[in-house]
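Containing mmCIF, N, CA and C atoms: query_8.cif.
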data_input
loop_
_atom_site.label_atom_id
_atom_site.label_comp_id
_atom_site.auth_asym_id
_atom_site.auth_seq_id
_atom_site.Cartn_x
_atom_site.Cartn_y
_atom_site.Cartn_z
N MET A 1 -184.97 -104.96 -74.84
CA MET A 1 -184.99 -105.42 -73.48
C MET A 1 -183.88 -104.70 -72.72
N LYS A 2 -184.22 -104.21 -71.54
CA LYS A 2 -183.23 -103.51 -70.72
C LYS A 2 -182.30 -104.54 -70.08
N ASN A 3 -181.05 -104.17 -69.97
CA ASN A 3 -180.11 -105.04 -69.26
C ASN A 3 -179.85 -104.47 -67.87
N LYS A 4 -179.00 -105.13 -67.11
CA LYS A 4 -178.78 -104.73 -65.71
C LYS A 4 -178.02 -103.41 -65.58
N LEU A 5 -177.39 -102.95 -66.66
CA LEU A 5 -176.66 -101.69 -66.61
C LEU A 5 -177.56 -100.49 -66.81
N CYS A 6 -178.79 -100.71 -67.18
CA CYS A 6 -179.72 -99.62 -67.47
C CYS A 6 -180.67 -99.44 -66.28
N SER A 7 -180.75 -98.22 -65.79
CA SER A 7 -181.66 -97.97 -64.67
C SER A 7 -183.10 -97.94 -65.18
N ASN A 8 -184.05 -98.00 -64.27
CA ASN A 8 -185.46 -97.99 -64.64
C ASN A 8 -185.88 -96.69 -65.31
N GLU A 9 -185.20 -95.59 -64.99
CA GLU A 9 -185.55 -94.29 -65.57
C GLU A 9 -184.99 -94.12 -66.98
N ASP A 10 -183.92 -94.86 -67.29
CA ASP A 10 -183.28 -94.72 -68.59
C ASP A 10 -183.99 -95.54 -69.67
N ASN A 11 -183.91 -95.04 -70.86
CA ASN A 11 -184.39 -95.79 -72.03
C ASN A 11 -183.17 -96.16 -72.87
N PRO A 12 -182.87 -97.43 -72.98
CA PRO A 12 -181.72 -97.82 -73.80
C PRO A 12 -181.97 -97.48 -75.28
N PHE A 13 -180.91 -97.14 -75.96
CA PHE A 13 -181.06 -96.77 -77.37
C PHE A 13 -179.78 -97.07 -78.13
N VAL A 14 -179.93 -97.08 -79.42
CA VAL A 14 -178.79 -97.22 -80.34
C VAL A 14 -178.93 -96.11 -81.35
N GLU A 15 -177.84 -95.36 -81.54
CA GLU A 15 -177.80 -94.32 -82.56
C GLU A 15 -176.69 -94.65 -83.54
N ILE A 16 -176.99 -94.45 -84.78
CA ILE A 16 -175.97 -94.69 -85.81
C ILE A 16 -175.93 -93.50 -86.74
N LEU A 17 -174.73 -93.01 -86.96
CA LEU A 17 -174.49 -91.95 -87.92
C LEU A 17 -173.52 -92.52 -88.95
N PHE A 18 -173.87 -92.42 -90.20
CA PHE A 18 -172.97 -92.94 -91.23
C PHE A 18 -173.03 -92.05 -92.46
N GLU A 19 -172.02 -92.21 -93.29
CA GLU A 19 -171.92 -91.42 -94.51
C GLU A 19 -171.99 -92.36 -95.70
N ARG A 20 -172.78 -91.94 -96.68
CA ARG A 20 -172.85 -92.70 -97.93
C ARG A 20 -172.97 -91.69 -99.06
N ASP A 21 -172.16 -91.87 -100.06
CA ASP A 21 -172.14 -90.94 -101.19
C ASP A 21 -171.99 -89.49 -100.73
N ARG A 22 -171.08 -89.30 -99.76
CA ARG A 22 -170.76 -87.98 -99.22
C ARG A 22 -171.95 -87.29 -98.56
N GLU A 23 -172.90 -88.09 -98.13
CA GLU A 23 -174.08 -87.54 -97.45
C GLU A 23 -174.22 -88.24 -96.11
N ASP A 24 -174.51 -87.48 -95.05
CA ASP A 24 -174.66 -88.05 -93.71
C ASP A 24 -176.07 -88.60 -93.51
N TYR A 25 -176.12 -89.77 -92.87
CA TYR A 25 -177.40 -90.40 -92.52
C TYR A 25 -177.36 -90.71 -91.02
N PHE A 26 -178.52 -90.63 -90.39
CA PHE A 26 -178.61 -90.85 -88.96
C PHE A 26 -179.89 -91.62 -88.67
N PHE A 27 -179.79 -92.55 -87.75
CA PHE A 27 -181.02 -93.14 -87.24
C PHE A 27 -180.81 -93.61 -85.81
N LYS A 28 -181.94 -93.78 -85.12
CA LYS A 28 -181.91 -94.11 -83.70
C LYS A 28 -183.02 -95.11 -83.42
N ARG A 29 -182.69 -96.10 -82.60
CA ARG A 29 -183.68 -97.04 -82.11
C ARG A 29 -183.66 -96.96 -80.59
N GLU A 30 -184.86 -96.81 -80.02
CA GLU A 30 -184.96 -96.59 -78.58
C GLU A 30 -186.02 -97.53 -78.00
N LEU A 31 -185.70 -98.10 -76.84
CA LEU A 31 -186.65 -98.96 -76.14
C LEU A 31 -187.39 -98.12 -75.12
N ILE A 32 -188.71 -97.99 -75.34
CA ILE A 32 -189.54 -97.24 -74.40
C ILE A 32 -190.55 -98.25 -73.85
N GLY A 33 -190.41 -98.57 -72.57
CA GLY A 33 -191.23 -99.63 -71.99
C GLY A 33 -190.82 -100.95 -72.60
N LYS A 34 -191.76 -101.62 -73.22
CA LYS A 34 -191.44 -102.89 -73.89
C LYS A 34 -191.48 -102.74 -75.40
N LYS A 35 -191.68 -101.50 -75.85
CA LYS A 35 -191.82 -101.24 -77.27
C LYS A 35 -190.60 -100.50 -77.79
N ILE A 36 -190.10 -100.93 -78.95
CA ILE A 36 -188.97 -100.24 -79.56
C ILE A 36 -189.52 -99.10 -80.41
N ASN A 37 -188.98 -97.92 -80.21
CA ASN A 37 -189.37 -96.75 -80.98
C ASN A 37 -188.31 -96.52 -82.06
N PHE A 38 -188.75 -96.41 -83.30
CA PHE A 38 -187.83 -96.19 -84.40
C PHE A 38 -187.90 -94.74 -84.85
N ASP A 39 -186.74 -94.16 -84.96
CA ASP A 39 -186.66 -92.80 -85.49
C ASP A 39 -185.45 -92.79 -86.42
N PHE A 40 -185.69 -93.16 -87.67
CA PHE A 40 -184.55 -93.24 -88.57
C PHE A 40 -184.94 -92.93 -90.00
N ASP A 41 -183.93 -92.61 -90.73
CA ASP A 41 -184.04 -92.34 -92.15
C ASP A 41 -184.57 -93.59 -92.87
N ASP A 42 -185.27 -93.42 -93.98
CA ASP A 42 -185.85 -94.55 -94.72
C ASP A 42 -184.83 -95.60 -95.13
N GLU A 43 -183.60 -95.21 -95.35
CA GLU A 43 -182.61 -96.16 -95.84
C GLU A 43 -181.90 -96.93 -94.73
N ALA A 44 -182.31 -96.75 -93.50
CA ALA A 44 -181.65 -97.41 -92.38
C ALA A 44 -181.76 -98.93 -92.47
N HIS A 45 -182.86 -99.43 -92.99
CA HIS A 45 -183.02 -100.88 -93.04
C HIS A 45 -182.00 -101.55 -93.96
N TYR A 46 -181.35 -100.77 -94.83
CA TYR A 46 -180.30 -101.34 -95.68
C TYR A 46 -178.99 -101.50 -94.92
N CYS A 47 -178.88 -100.85 -93.77
CA CYS A 47 -177.62 -100.83 -93.03
C CYS A 47 -177.60 -101.76 -91.83
N ILE A 48 -178.74 -102.27 -91.42
CA ILE A 48 -178.84 -103.09 -90.22
C ILE A 48 -179.34 -104.47 -90.59
N ILE A 49 -178.74 -105.48 -90.03
CA ILE A 49 -179.21 -106.84 -90.22
C ILE A 49 -180.23 -107.12 -89.13
N GLU A 50 -181.44 -107.45 -89.54
CA GLU A 50 -182.51 -107.69 -88.58
C GLU A 50 -182.21 -108.92 -87.74
N ALA A 51 -182.65 -108.89 -86.49
CA ALA A 51 -182.40 -110.00 -85.58
C ALA A 51 -182.99 -111.30 -86.11
N GLY A 52 -184.16 -111.21 -86.74
CA GLY A 52 -184.79 -112.42 -87.30
C GLY A 52 -183.94 -113.06 -88.38
N ARG A 53 -183.30 -112.24 -89.22
CA ARG A 53 -182.42 -112.80 -90.26
C ARG A 53 -181.19 -113.44 -89.64
N ILE A 54 -180.65 -112.83 -88.59
CA ILE A 54 -179.50 -113.42 -87.90
C ILE A 54 -179.89 -114.76 -87.30
N GLU A 55 -181.05 -114.79 -86.66
CA GLU A 55 -181.52 -116.03 -86.04
C GLU A 55 -181.73 -117.13 -87.09
N ARG A 56 -182.36 -116.77 -88.23
CA ARG A 56 -182.57 -117.77 -89.30
C ARG A 56 -181.23 -118.28 -89.84
N PHE A 57 -180.25 -117.37 -89.93
CA PHE A 57 -178.92 -117.76 -90.41
C PHE A 57 -178.30 -118.81 -89.48
N VAL A 58 -178.45 -118.60 -88.19
CA VAL A 58 -177.83 -119.48 -87.20
C VAL A 58 -178.52 -120.84 -87.14
N ILE A 59 -179.85 -120.85 -87.13
CA ILE A 59 -180.57 -122.11 -86.91
C ILE A 59 -180.91 -122.87 -88.18
N ASP A 60 -180.79 -122.26 -89.34
CA ASP A 60 -181.16 -122.92 -90.60
C ASP A 60 -180.14 -124.01 -90.94
N THR A 61 -180.63 -125.23 -91.07
CA THR A 61 -179.75 -126.35 -91.46
C THR A 61 -180.16 -126.91 -92.81
N LYS A 62 -181.28 -126.43 -93.36
CA LYS A 62 -181.80 -126.96 -94.61
C LYS A 62 -181.09 -126.36 -95.82
N ASN A 63 -180.88 -125.07 -95.81
CA ASN A 63 -180.30 -124.38 -96.96
C ASN A 63 -178.77 -124.40 -96.92
N SER A 64 -178.18 -124.15 -98.08
CA SER A 64 -176.72 -124.12 -98.17
C SER A 64 -176.19 -122.89 -97.44
N LEU A 65 -174.92 -122.92 -97.11
CA LEU A 65 -174.30 -121.79 -96.42
C LEU A 65 -174.42 -120.53 -97.28
N TRP A 66 -174.25 -120.68 -98.59
CA TRP A 66 -174.35 -119.53 -99.49
C TRP A 66 -175.75 -118.93 -99.42
N GLN A 67 -176.78 -119.77 -99.44
CA GLN A 67 -178.16 -119.29 -99.37
C GLN A 67 -178.42 -118.60 -98.02
N ARG A 68 -177.93 -119.20 -96.96
CA ARG A 68 -178.13 -118.64 -95.63
C ARG A 68 -177.44 -117.28 -95.52
N PHE A 69 -176.22 -117.19 -96.01
CA PHE A 69 -175.46 -115.95 -95.93
C PHE A 69 -176.11 -114.87 -96.79
N SER A 70 -176.55 -115.25 -97.98
CA SER A 70 -177.23 -114.29 -98.87
C SER A 70 -178.51 -113.78 -98.24
N SER A 71 -179.25 -114.67 -97.61
CA SER A 71 -180.48 -114.26 -96.93
C SER A 71 -180.16 -113.34 -95.75
N LEU A 72 -179.11 -113.65 -95.04
CA LEU A 72 -178.68 -112.81 -93.92
C LEU A 72 -178.43 -111.38 -94.38
N LEU A 73 -177.82 -111.24 -95.56
CA LEU A 73 -177.49 -109.91 -96.08
C LEU A 73 -178.65 -109.27 -96.84
N GLY A 74 -179.79 -109.98 -96.92
CA GLY A 74 -180.97 -109.41 -97.56
C GLY A 74 -181.06 -109.65 -99.05
N PHE A 75 -180.37 -110.66 -99.53
CA PHE A 75 -180.38 -110.96 -100.96
C PHE A 75 -181.37 -112.07 -101.30
N ASP A 76 -182.54 -112.05 -100.70
CA ASP A 76 -183.53 -113.10 -100.96
C ASP A 76 -183.94 -113.16 -102.42
N ASP A 77 -184.02 -111.99 -103.07
CA ASP A 77 -184.35 -111.99 -104.50
C ASP A 77 -183.26 -112.67 -105.32
N LEU A 78 -182.02 -112.48 -104.91
CA LEU A 78 -180.91 -113.13 -105.60
C LEU A 78 -180.97 -114.64 -105.42
N ILE A 79 -181.32 -115.08 -104.23
CA ILE A 79 -181.47 -116.52 -103.97
C ILE A 79 -182.59 -117.08 -104.84
N SER A 80 -183.70 -116.36 -104.92
CA SER A 80 -184.83 -116.79 -105.74
C SER A 80 -184.42 -116.88 -107.20
N LEU A 81 -183.69 -115.89 -107.68
CA LEU A 81 -183.21 -115.90 -109.06
C LEU A 81 -182.27 -117.08 -109.30
N ASP A 82 -181.38 -117.33 -108.36
CA ASP A 82 -180.46 -118.46 -108.47
C ASP A 82 -181.22 -119.78 -108.52
N ASP A 83 -182.25 -119.92 -107.70
CA ASP A 83 -183.09 -121.13 -107.72
C ASP A 83 -183.77 -121.30 -109.07
N LYS A 84 -184.31 -120.21 -109.61
CA LYS A 84 -184.98 -120.27 -110.91
C LYS A 84 -183.99 -120.65 -112.01
N ILE A 85 -182.81 -120.07 -111.97
CA ILE A 85 -181.79 -120.41 -112.97
C ILE A 85 -181.39 -121.87 -112.86
N SER A 86 -181.25 -122.37 -111.64
CA SER A 86 -180.91 -123.78 -111.44
C SER A 86 -182.00 -124.69 -112.00
N ARG A 87 -183.28 -124.33 -111.75
CA ARG A 87 -184.37 -125.14 -112.30
C ARG A 87 -184.36 -125.11 -113.82
N LEU A 88 -184.14 -123.92 -114.40
CA LEU A 88 -184.06 -123.81 -115.86
C LEU A 88 -182.90 -124.62 -116.42
N GLU A 89 -181.78 -124.60 -115.72
CA GLU A 89 -180.62 -125.37 -116.15
C GLU A 89 -180.92 -126.86 -116.14
N ARG A 90 -181.58 -127.33 -115.08
CA ARG A 90 -181.96 -128.75 -115.01
C ARG A 90 -182.93 -129.11 -116.14
N GLU A 91 -183.90 -128.25 -116.39
CA GLU A 91 -184.88 -128.50 -117.46
C GLU A 91 -184.20 -128.49 -118.82
N ALA A 92 -183.31 -127.53 -119.04
CA ALA A 92 -182.57 -127.47 -120.31
C ALA A 92 -181.72 -128.72 -120.49
N ASN A 93 -181.14 -129.20 -119.41
CA ASN A 93 -180.33 -130.42 -119.49
C ASN A 93 -181.19 -131.62 -119.87
N LYS A 94 -182.40 -131.70 -119.31
CA LYS A 94 -183.31 -132.79 -119.68
C LYS A 94 -183.65 -132.73 -121.16
N VAL A 95 -183.98 -131.52 -121.64
CA VAL A 95 -184.33 -131.34 -123.06
C VAL A 95 -183.13 -131.71 -123.93
N TYR A 96 -181.94 -131.27 -123.52
CA TYR A 96 -180.72 -131.59 -124.27
C TYR A 96 -180.50 -133.10 -124.35
N LEU A 97 -180.63 -133.78 -123.20
CA LEU A 97 -180.39 -135.23 -123.18
C LEU A 97 -181.41 -135.97 -124.05
N GLU A 98 -182.66 -135.51 -124.05
CA GLU A 98 -183.69 -136.14 -124.89
C GLU A 98 -183.38 -135.90 -126.37
N ALA A 99 -182.98 -134.68 -126.72
CA ALA A 99 -182.62 -134.37 -128.11
C ALA A 99 -181.40 -135.19 -128.53
N LYS A 100 -180.44 -135.34 -127.64
CA LYS A 100 -179.24 -136.13 -127.93
C LYS A 100 -179.61 -137.59 -128.16
N ARG A 101 -180.52 -138.12 -127.31
CA ARG A 101 -180.96 -139.50 -127.47
C ARG A 101 -181.64 -139.70 -128.83
N LYS A 102 -182.52 -138.77 -129.21
CA LYS A 102 -183.21 -138.86 -130.50
C LYS A 102 -182.22 -138.75 -131.66
N TYR A 103 -181.25 -137.85 -131.53
CA TYR A 103 -180.23 -137.71 -132.57
C TYR A 103 -179.46 -139.02 -132.74
N GLU A 104 -179.03 -139.60 -131.63
CA GLU A 104 -178.27 -140.85 -131.71
C GLU A 104 -179.11 -141.97 -132.31
N GLU A 105 -180.40 -141.98 -131.99
CA GLU A 105 -181.31 -142.97 -132.55
C GLU A 105 -181.41 -142.80 -134.07
N LYS A 106 -181.62 -141.57 -134.53
CA LYS A 106 -181.71 -141.29 -135.98
C LYS A 106 -180.37 -141.56 -136.66
N TYR A 107 -179.28 -141.21 -136.00
CA TYR A 107 -177.95 -141.46 -136.58
C TYR A 107 -177.75 -142.97 -136.78
N SER A 108 -178.19 -143.75 -135.81
CA SER A 108 -178.10 -145.20 -135.92
C SER A 108 -178.93 -145.72 -137.09
N GLU A 109 -180.14 -145.17 -137.25
CA GLU A 109 -180.99 -145.57 -138.38
C GLU A 109 -180.32 -145.24 -139.71
N VAL A 110 -179.77 -144.04 -139.82
CA VAL A 110 -179.10 -143.63 -141.06
C VAL A 110 -177.90 -144.52 -141.33
N THR A 111 -177.14 -144.84 -140.29
CA THR A 111 -175.97 -145.71 -140.45
C THR A 111 -176.40 -147.10 -140.95
N GLN A 112 -177.49 -147.62 -140.40
CA GLN A 112 -177.99 -148.92 -140.85
C GLN A 112 -178.43 -148.86 -142.30
N LYS A 113 -179.11 -147.77 -142.68
CA LYS A 113 -179.57 -147.62 -144.07
C LYS A 113 -178.39 -147.48 -145.02
N LYS A 114 -177.36 -146.76 -144.59
CA LYS A 114 -176.17 -146.63 -145.43
C LYS A 114 -175.49 -147.99 -145.60
N SER A 115 -175.48 -148.76 -144.52
CA SER A 115 -174.89 -150.11 -144.59
C SER A 115 -175.68 -150.98 -145.55
N LEU A 116 -177.01 -150.90 -145.48
CA LEU A 116 -177.87 -151.66 -146.39
C LEU A 116 -177.65 -151.22 -147.83
N GLU A 117 -177.51 -149.91 -148.03
CA GLU A 117 -177.25 -149.38 -149.37
C GLU A 117 -175.92 -149.94 -149.90
N SER A 118 -174.92 -149.97 -149.06
CA SER A 118 -173.62 -150.50 -149.47
C SER A 118 -173.72 -151.97 -149.85
N GLU A 119 -174.54 -152.72 -149.11
CA GLU A 119 -174.75 -154.13 -149.44
C GLU A 119 -175.41 -154.28 -150.80
N PHE A 120 -176.42 -153.42 -151.07
CA PHE A 120 -177.08 -153.46 -152.39
C PHE A 120 -176.09 -153.13 -153.51
N VAL A 121 -175.32 -152.09 -153.31
CA VAL A 121 -174.34 -151.69 -154.32
C VAL A 121 -173.36 -152.83 -154.57
N ALA A 122 -172.90 -153.49 -153.49
CA ALA A 122 -171.96 -154.60 -153.63
C ALA A 122 -172.62 -155.77 -154.37
N SER A 123 -173.91 -156.03 -154.05
CA SER A 123 -174.62 -157.12 -154.73
C SER A 123 -174.78 -156.83 -156.22
N PHE A 124 -175.16 -155.59 -156.55
CA PHE A 124 -175.29 -155.23 -157.97
C PHE A 124 -173.95 -155.33 -158.68
N ALA A 125 -172.91 -154.85 -158.03
CA ALA A 125 -171.58 -154.90 -158.64
C ALA A 125 -171.13 -156.34 -158.86
N LYS A 126 -171.43 -157.21 -157.91
CA LYS A 126 -171.04 -158.62 -158.03
C LYS A 126 -171.83 -159.31 -159.15
N GLU A 127 -173.11 -159.02 -159.22
CA GLU A 127 -173.98 -159.67 -160.21
C GLU A 127 -173.78 -159.11 -161.61
N LEU A 128 -173.65 -157.76 -161.69
CA LEU A 128 -173.63 -157.13 -163.01
C LEU A 128 -172.26 -156.57 -163.40
N GLY A 129 -171.38 -156.41 -162.46
CA GLY A 129 -170.07 -155.82 -162.74
C GLY A 129 -169.99 -154.41 -162.17
N GLU A 130 -168.79 -153.86 -162.23
CA GLU A 130 -168.56 -152.53 -161.63
C GLU A 130 -169.36 -151.44 -162.33
N ASN A 131 -169.65 -151.59 -163.59
CA ASN A 131 -170.41 -150.57 -164.32
C ASN A 131 -171.91 -150.92 -164.33
N TRP A 132 -172.41 -151.46 -163.24
CA TRP A 132 -173.78 -151.95 -163.14
C TRP A 132 -174.83 -150.89 -163.40
N THR A 133 -174.56 -149.61 -163.05
CA THR A 133 -175.55 -148.56 -163.30
C THR A 133 -175.76 -148.34 -164.80
N GLU A 134 -174.69 -148.40 -165.55
CA GLU A 134 -174.81 -148.26 -167.01
C GLU A 134 -175.56 -149.44 -167.61
N ILE A 135 -175.27 -150.62 -167.10
CA ILE A 135 -175.93 -151.84 -167.61
C ILE A 135 -177.43 -151.76 -167.35
N ILE A 136 -177.81 -151.34 -166.14
CA ILE A 136 -179.24 -151.26 -165.80
C ILE A 136 -179.94 -150.22 -166.68
N GLU A 137 -179.27 -149.13 -166.97
CA GLU A 137 -179.87 -148.10 -167.83
C GLU A 137 -180.11 -148.61 -169.25
N ARG A 138 -179.27 -149.51 -169.74
CA ARG A 138 -179.39 -150.02 -171.11
C ARG A 138 -180.37 -151.19 -171.24
N ARG A 139 -180.66 -151.90 -170.20
CA ARG A 139 -181.50 -153.09 -170.28
C ARG A 139 -182.97 -152.73 -170.36
N GLU A 140 -183.72 -153.70 -170.82
CA GLU A 140 -185.17 -153.51 -170.88
C GLU A 140 -185.76 -153.80 -169.51
N TYR A 141 -186.97 -153.30 -169.30
CA TYR A 141 -187.65 -153.39 -168.03
C TYR A 141 -187.79 -154.83 -167.55
N LYS A 142 -188.17 -155.77 -168.40
CA LYS A 142 -188.41 -157.17 -168.03
C LYS A 142 -187.13 -157.81 -167.49
N ASN A 143 -186.03 -157.55 -168.13
CA ASN A 143 -184.77 -158.11 -167.67
C ASN A 143 -184.39 -157.59 -166.27
N GLU A 144 -184.68 -156.33 -166.02
CA GLU A 144 -184.35 -155.75 -164.71
C GLU A 144 -185.13 -156.45 -163.59
N ILE A 145 -186.39 -156.75 -163.83
CA ILE A 145 -187.19 -157.42 -162.82
C ILE A 145 -186.58 -158.79 -162.50
N ASP A 146 -186.16 -159.52 -163.53
CA ASP A 146 -185.53 -160.81 -163.28
C ASP A 146 -184.23 -160.65 -162.48
N ILE A 147 -183.44 -159.66 -162.82
CA ILE A 147 -182.16 -159.44 -162.12
C ILE A 147 -182.42 -159.05 -160.66
N TYR A 148 -183.37 -158.13 -160.47
CA TYR A 148 -183.67 -157.68 -159.11
C TYR A 148 -184.23 -158.84 -158.28
N SER A 149 -185.04 -159.67 -158.89
CA SER A 149 -185.60 -160.82 -158.17
C SER A 149 -184.50 -161.78 -157.75
N ASN A 150 -183.53 -162.00 -158.61
CA ASN A 150 -182.41 -162.89 -158.26
C ASN A 150 -181.58 -162.31 -157.12
N LEU A 151 -181.43 -161.00 -157.14
CA LEU A 151 -180.65 -160.37 -156.08
C LEU A 151 -181.40 -160.44 -154.76
#
Structure encoded using structure tokens:
Amino acid sequence: MKNKLCSNEDNPFVEILFERDREDYFFKRELIGKKINFDFDDEAHYCIIEAGRIERFVIDTKNSLWQRFSSLLGFDDLISLDDKISRLEREANKVYLEAKRKYEEKYSEVTQKKSLESEFVASFAKELGENWTEIIERREYKNEIDIYSNL
């Protein structure tokens, strides 16, 4: 759009000359009528922030400042990757919490079984004495059934 400093005969333009990797680059944008004419090197779009991105940066209230700034600089792929990593992290956390819950459940079962085993060992020791395993090995089958039934 022409401003008041530009006469009707003039075409406003912007020219940029820059150096990258010891090589000169040049591009020019010119307003002819109501249409912008582009005459620039292919890499010019890496050097200019598009007006639409600037506008989205200013008016966007939904995304975080980091996301808005990254998008402004053209890092939309990076934002997408960050979103995917965040989703994977949340999913991994869910899987971890479920595995932890199952582990704690099994650990509780094992602890209860060990406690029950200790009670049996104590009962055998009380009924038969501390060397109860030797006594059981020496006894006949019928006697063991009576002892186990009493316990």
| Separation of atom CA of A:Ile135 from atom N of A:Phe120, in Å and rounded to one decimal | 16.6 Å
| said: Can you measure atom C of A:Ser64 to atom CA of A:Asn93 for me? One decimal in Å is fine. | reply: 23.7 Å
| query | Rounded to one decimal in Å, what is the spacing between atom N of A:Glu119 and atom CA of A:Thr133? | reply |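 Answer for the atom N of A:Glu119 to atom CA of A:Thr133 separation: 14.8 Å.
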